[in-house]
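Student: Mind having a look at this structure? Questions to follow.
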Amino acid sequence: RRKIGFSDDTEFKFNKCDHKRRIGFLRVVKDSKFRVRAIVVNKEAILSESLKGNKDIFYNFLLKQVLEHNNNTINDAKIRLDGFGERGFRKAMTSYLRQELNIKTKSKVMKNFRFRDSHSDVLIQLADMIAGSIKRSYMKDRSSNNLYKKVISERIEDEWEFK
């Protein structure tokens with residue numbers, strides 16, 4: 001944090017950082033051991049009324065897609081999702097993912113699933129910065145559209161454009 005001009009209690013959020021801090025953050029983490037699997041969705045292209053009309057169903061479906069299409073490279077995943085959500089939603093999402101991933105695929109893709117507060121979880125902050133970098137690369141109206149993703153490109157194992 002100090003290397004790139006952040007105080008110890010500052011949360012890393014792509015949309016709240018300026019260019020210098022984004023680049024600094026990405027350069028610092030690019031050599032860390034992590035891999036990125038991303039699904040890119042143009043929400044305007046979604047045809048399903050249930051996906052368009054229900055945020056919970058939308059997130060369940062997309063998270064399942066990312067984990068299900070992994071070429072058997074994900075086992076016992078510890079899934080962390082930003083936010084807390086309502087208790088019913090958390091419980092339903094966990095059950096849905098267990099059913100869809102572990103039971104139907106007859107393998108243990110997901111070990112556990114937790115919601116985390118992004119302010120106190122650096123891995124959620126890392127995911128936000130990576131997601132922001134990837135999203136920016138799809139924005140044609142920005143001069144820096146590929147700049148951020150290029151810094152962390154070696155960490156991107158799979159980037160799937162959902163259609």
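Following the order of the structure tokens, chains are lettered A, B, ..., residues in each are numbered from 1, and ligands are numbered from 1.
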I need the residues in range 40-118 of chain A that are alpha helix (DSSP H) according to DSSP; give them as a PyMOL selection string.
Tutor: chain A and resi 49-53+55-68+87-97
Student: Write a file of the selected residues as a PDB file, in the first residue's frame, keeping N, CA and C atoms.
Tutor:
ATOM      1  N   GLU A  49     -35.250 -13.424 -19.865  1.00  0.00           N
ATOM      2  CA  GLU A  49     -35.974 -12.503 -18.978  1.00  0.00           C
ATOM      3  C   GLU A  49     -35.664 -12.781 -17.511  1.00  0.00           C
ATOM      4  N   SER A  50     -35.496 -14.060 -17.154  1.00  0.00           N
ATOM      5  CA  SER A  50     -35.203 -14.367 -15.743  1.00  0.00           C
ATOM      6  C   SER A  50     -33.823 -13.871 -15.345  1.00  0.00           C
ATOM      7  N   LEU A  51     -32.850 -13.943 -16.267  1.00  0.00           N
ATOM      8  CA  LEU A  51     -31.517 -13.418 -15.955  1.00  0.00           C
ATOM      9  C   LEU A  51     -31.521 -11.895 -15.904  1.00  0.00           C
ATOM     10  N   LYS A  52     -32.247 -11.270 -16.817  1.00  0.00           N
ATOM     11  CA  LYS A  52     -32.307  -9.798 -16.839  1.00  0.00           C
ATOM     12  C   LYS A  52     -33.077  -9.252 -15.652  1.00  0.00           C
ATOM     13  N   GLY A  53     -34.075  -9.980 -15.207  1.00  0.00           N
ATOM     14  CA  GLY A  53     -34.972  -9.449 -14.184  1.00  0.00           C
ATOM     15  C   GLY A  53     -34.654  -9.800 -12.756  1.00  0.00           C
ATOM     16  N   LYS A  55     -31.389 -10.252 -10.201  1.00  0.00           N
ATOM     17  CA  LYS A  55     -29.945 -10.155  -9.941  1.00  0.00           C
ATOM     18  C   LYS A  55     -29.397 -11.429  -9.303  1.00  0.00           C
ATOM     19  N   ASP A  56     -30.152 -12.036  -8.393  1.00  0.00           N
ATOM     20  CA  ASP A  56     -29.691 -13.248  -7.713  1.00  0.00           C
ATOM     21  C   ASP A  56     -29.507 -14.394  -8.707  1.00  0.00           C
ATOM     22  N   ILE A  57     -30.477 -14.594  -9.571  1.00  0.00           N
ATOM     23  CA  ILE A  57     -30.396 -15.653 -10.582  1.00  0.00           C
ATOM     24  C   ILE A  57     -29.237 -15.370 -11.538  1.00  0.00           C
ATOM     25  N   PHE A  58     -29.089 -14.113 -11.919  1.00  0.00           N
ATOM     26  CA  PHE A  58     -28.019 -13.695 -12.818  1.00  0.00           C
ATOM     27  C   PHE A  58     -26.644 -14.051 -12.238  1.00  0.00           C
ATOM     28  N   TYR A  59     -26.389 -13.685 -10.976  1.00  0.00           N
ATOM     29  CA  TYR A  59     -25.098 -13.978 -10.352  1.00  0.00           C
ATOM     30  C   TYR A  59     -24.886 -15.473 -10.168  1.00  0.00           C
ATOM     31  N   ASN A  60     -25.927 -16.188  -9.739  1.00  0.00           N
ATOM     32  CA  ASN A  60     -25.823 -17.641  -9.590  1.00  0.00           C
ATOM     33  C   ASN A  60     -25.394 -18.282 -10.910  1.00  0.00           C
ATOM     34  N   PHE A  61     -26.097 -17.935 -11.963  1.00  0.00           N
ATOM     35  CA  PHE A  61     -25.852 -18.522 -13.266  1.00  0.00           C
ATOM     36  C   PHE A  61     -24.433 -18.228 -13.763  1.00  0.00           C
ATOM     37  N   LEU A  62     -24.011 -16.980 -13.668  1.00  0.00           N
ATOM     38  CA  LEU A  62     -22.687 -16.614 -14.191  1.00  0.00           C
ATOM     39  C   LEU A  62     -21.552 -17.223 -13.374  1.00  0.00           C
ATOM     40  N   LEU A  63     -21.697 -17.245 -12.067  1.00  0.00           N
ATOM     41  CA  LEU A  63     -20.664 -17.869 -11.236  1.00  0.00           C
ATOM     42  C   LEU A  63     -20.578 -19.362 -11.555  1.00  0.00           C
ATOM     43  N   LYS A  64     -21.726 -19.986 -11.723  1.00  0.00           N
ATOM     44  CA  LYS A  64     -21.738 -21.401 -12.105  1.00  0.00           C
ATOM     45  C   LYS A  64     -21.028 -21.592 -13.444  1.00  0.00           C
ATOM     46  N   GLN A  65     -21.276 -20.717 -14.406  1.00  0.00           N
ATOM     47  CA  GLN A  65     -20.643 -20.835 -15.721  1.00  0.00           C
ATOM     48  C   GLN A  65     -19.119 -20.766 -15.621  1.00  0.00           C
ATOM     49  N   VAL A  66     -18.617 -19.821 -14.864  1.00  0.00           N
ATOM     50  CA  VAL A  66     -17.165 -19.665 -14.705  1.00  0.00           C
ATOM     51  C   VAL A  66     -16.551 -20.922 -14.087  1.00  0.00           C
ATOM     52  N   LEU A  67     -17.215 -21.457 -13.076  1.00  0.00           N
ATOM     53  CA  LEU A  67     -16.659 -22.612 -12.380  1.00  0.00           C
ATOM     54  C   LEU A  67     -16.874 -23.915 -13.144  1.00  0.00           C
ATOM     55  N   GLU A  68     -17.970 -24.010 -13.848  1.00  0.00           N
ATOM     56  CA  GLU A  68     -18.290 -25.231 -14.573  1.00  0.00           C
ATOM     57  C   GLU A  68     -17.397 -25.415 -15.810  1.00  0.00           C
ATOM     58  N   ARG A  87     -29.431 -13.087   4.163  1.00  0.00           N
ATOM     59  CA  ARG A  87     -29.139 -14.451   4.593  1.00  0.00           C
ATOM     60  C   ARG A  87     -29.777 -15.484   3.664  1.00  0.00           C
ATOM     61  N   GLY A  88     -31.012 -15.246   3.259  1.00  0.00           N
ATOM     62  CA  GLY A  88     -31.704 -16.168   2.362  1.00  0.00           C
ATOM     63  C   GLY A  88     -30.994 -16.310   1.031  1.00  0.00           C
ATOM     64  N   PHE A  89     -30.520 -15.187   0.492  1.00  0.00           N
ATOM     65  CA  PHE A  89     -29.789 -15.207  -0.780  1.00  0.00           C
ATOM     66  C   PHE A  89     -28.493 -15.988  -0.634  1.00  0.00           C
ATOM     67  N   ARG A  90     -27.761 -15.732   0.450  1.00  0.00           N
ATOM     68  CA  ARG A  90     -26.491 -16.439   0.668  1.00  0.00           C
ATOM     69  C   ARG A  90     -26.709 -17.947   0.745  1.00  0.00           C
ATOM     70  N   LYS A  91     -27.710 -18.328   1.500  1.00  0.00           N
ATOM     71  CA  LYS A  91     -28.004 -19.749   1.684  1.00  0.00           C
ATOM     72  C   LYS A  91     -28.443 -20.391   0.367  1.00  0.00           C
ATOM     73  N   ALA A  92     -29.317 -19.700  -0.367  1.00  0.00           N
ATOM     74  CA  ALA A  92     -29.810 -20.223  -1.644  1.00  0.00           C
ATOM     75  C   ALA A  92     -28.671 -20.343  -2.659  1.00  0.00           C
ATOM     76  N   MET A  93     -27.787 -19.345  -2.692  1.00  0.00           N
ATOM     77  CA  MET A  93     -26.682 -19.369  -3.648  1.00  0.00           C
ATOM     78  C   MET A  93     -25.721 -20.508  -3.330  1.00  0.00           C
ATOM     79  N   THR A  94     -25.415 -20.694  -2.070  1.00  0.00           N
ATOM     80  CA  THR A  94     -24.524 -21.778  -1.663  1.00  0.00           C
ATOM     81  C   THR A  94     -25.123 -23.128  -2.043  1.00  0.00           C
ATOM     82  N   SER A  95     -26.402 -23.330  -1.752  1.00  0.00           N
ATOM     83  CA  SER A  95     -27.071 -24.592  -2.098  1.00  0.00           C
ATOM     84  C   SER A  95     -27.086 -24.808  -3.602  1.00  0.00           C
ATOM     85  N   TYR A  96     -27.410 -23.765  -4.337  1.00  0.00           N
ATOM     86  CA  TYR A  96     -27.469 -23.848  -5.794  1.00  0.00           C
ATOM     87  C   TYR A  96     -26.117 -24.252  -6.366  1.00  0.00           C
ATOM     88  N   LEU A  97     -25.062 -23.606  -5.921  1.00  0.00           N
ATOM     89  CA  LEU A  97     -23.730 -23.914  -6.450  1.00  0.00           C
ATOM     90  C   LEU A  97     -23.277 -25.320  -6.065  1.00  0.00           C
TER      91      LEU A  97
END
Student: Go through range 108-133 of chain A residue by residue and, counting only C-alpha atoms, keep those with an atom at most 12 Å from range 9-19 of chain A; for each kept residue give the shortest atom pair and its distance in Å to one decimal, ordered by chain and increasing number, as JSON lines.
Tutor:
{"residue": "A:Asp117", "atom": "CA", "partner": "A:Glu11", "partner_atom": "CA", "distance": 10.7}
{"residue": "A:Ser118", "atom": "CA", "partner": "A:Glu11", "partner_atom": "CA", "distance": 7.6}
{"residue": "A:His119", "atom": "CA", "partner": "A:Glu11", "partner_atom": "CA", "distance": 5.5}
{"residue": "A:Ser120", "atom": "CA", "partner": "A:Glu11", "partner_atom": "CA", "distance": 7.8}
{"residue": "A:Asp121", "atom": "CA", "partner": "A:Glu11", "partner_atom": "CA", "distance": 8.9}
{"residue": "A:Val122", "atom": "CA", "partner": "A:Phe12", "partner_atom": "CA", "distance": 8.0}
{"residue": "A:Leu123", "atom": "CA", "partner": "A:Phe12", "partner_atom": "CA", "distance": 10.1}
{"residue": "A:Ile124", "atom": "CA", "partner": "A:Phe12", "partner_atom": "CA", "distance": 9.1}
{"residue": "A:Gln125", "atom": "CA", "partner": "A:Phe12", "partner_atom": "CA", "distance": 5.4}
{"residue": "A:Leu126", "atom": "CA", "partner": "A:Phe12", "partner_atom": "CA", "distance": 7.4}
{"residue": "A:Ala127", "atom": "CA", "partner": "A:Lys13", "partner_atom": "CA", "distance": 9.3}
{"residue": "A:Asp128", "atom": "CA", "partner": "A:Lys13", "partner_atom": "CA", "distance": 6.1}
{"residue": "A:Met129", "atom": "CA", "partner": "A:Phe14", "partner_atom": "CA", "distance": 4.8}
{"residue": "A:Ile130", "atom": "CA", "partner": "A:Phe14", "partner_atom": "CA", "distance": 8.1}
{"residue": "A:Ala131", "atom": "CA", "partner": "A:Phe14", "partner_atom": "CA", "distance": 8.2}
{"residue": "A:Gly132", "atom": "CA", "partner": "A:Phe14", "partner_atom": "CA", "distance": 5.5}
{"residue": "A:Ser133", "atom": "CA", "partner": "A:Phe14", "partner_atom": "CA", "distance": 7.6}
Student: Nearest to Val28 in chain A: which of A:Phe113, A:Ile152, A:Thr73, A:Ser48 is it, counting only C-alpha atoms?
Tutor: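 Checking each candidate against Val28 in chain A, we get A:Ile152 as the closest.
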Student: Which one is closest to Lys111 in chain A: A:Lys163, A:Lys78, A:Arg155, A:Arg2? Count only C-alpha atoms.
Tutor: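 Checking each of A:Lys163, A:Lys78, A:Arg155, A:Arg2 against Lys111 in chain A, counting only C-alpha atoms, the winner is A:Lys78.
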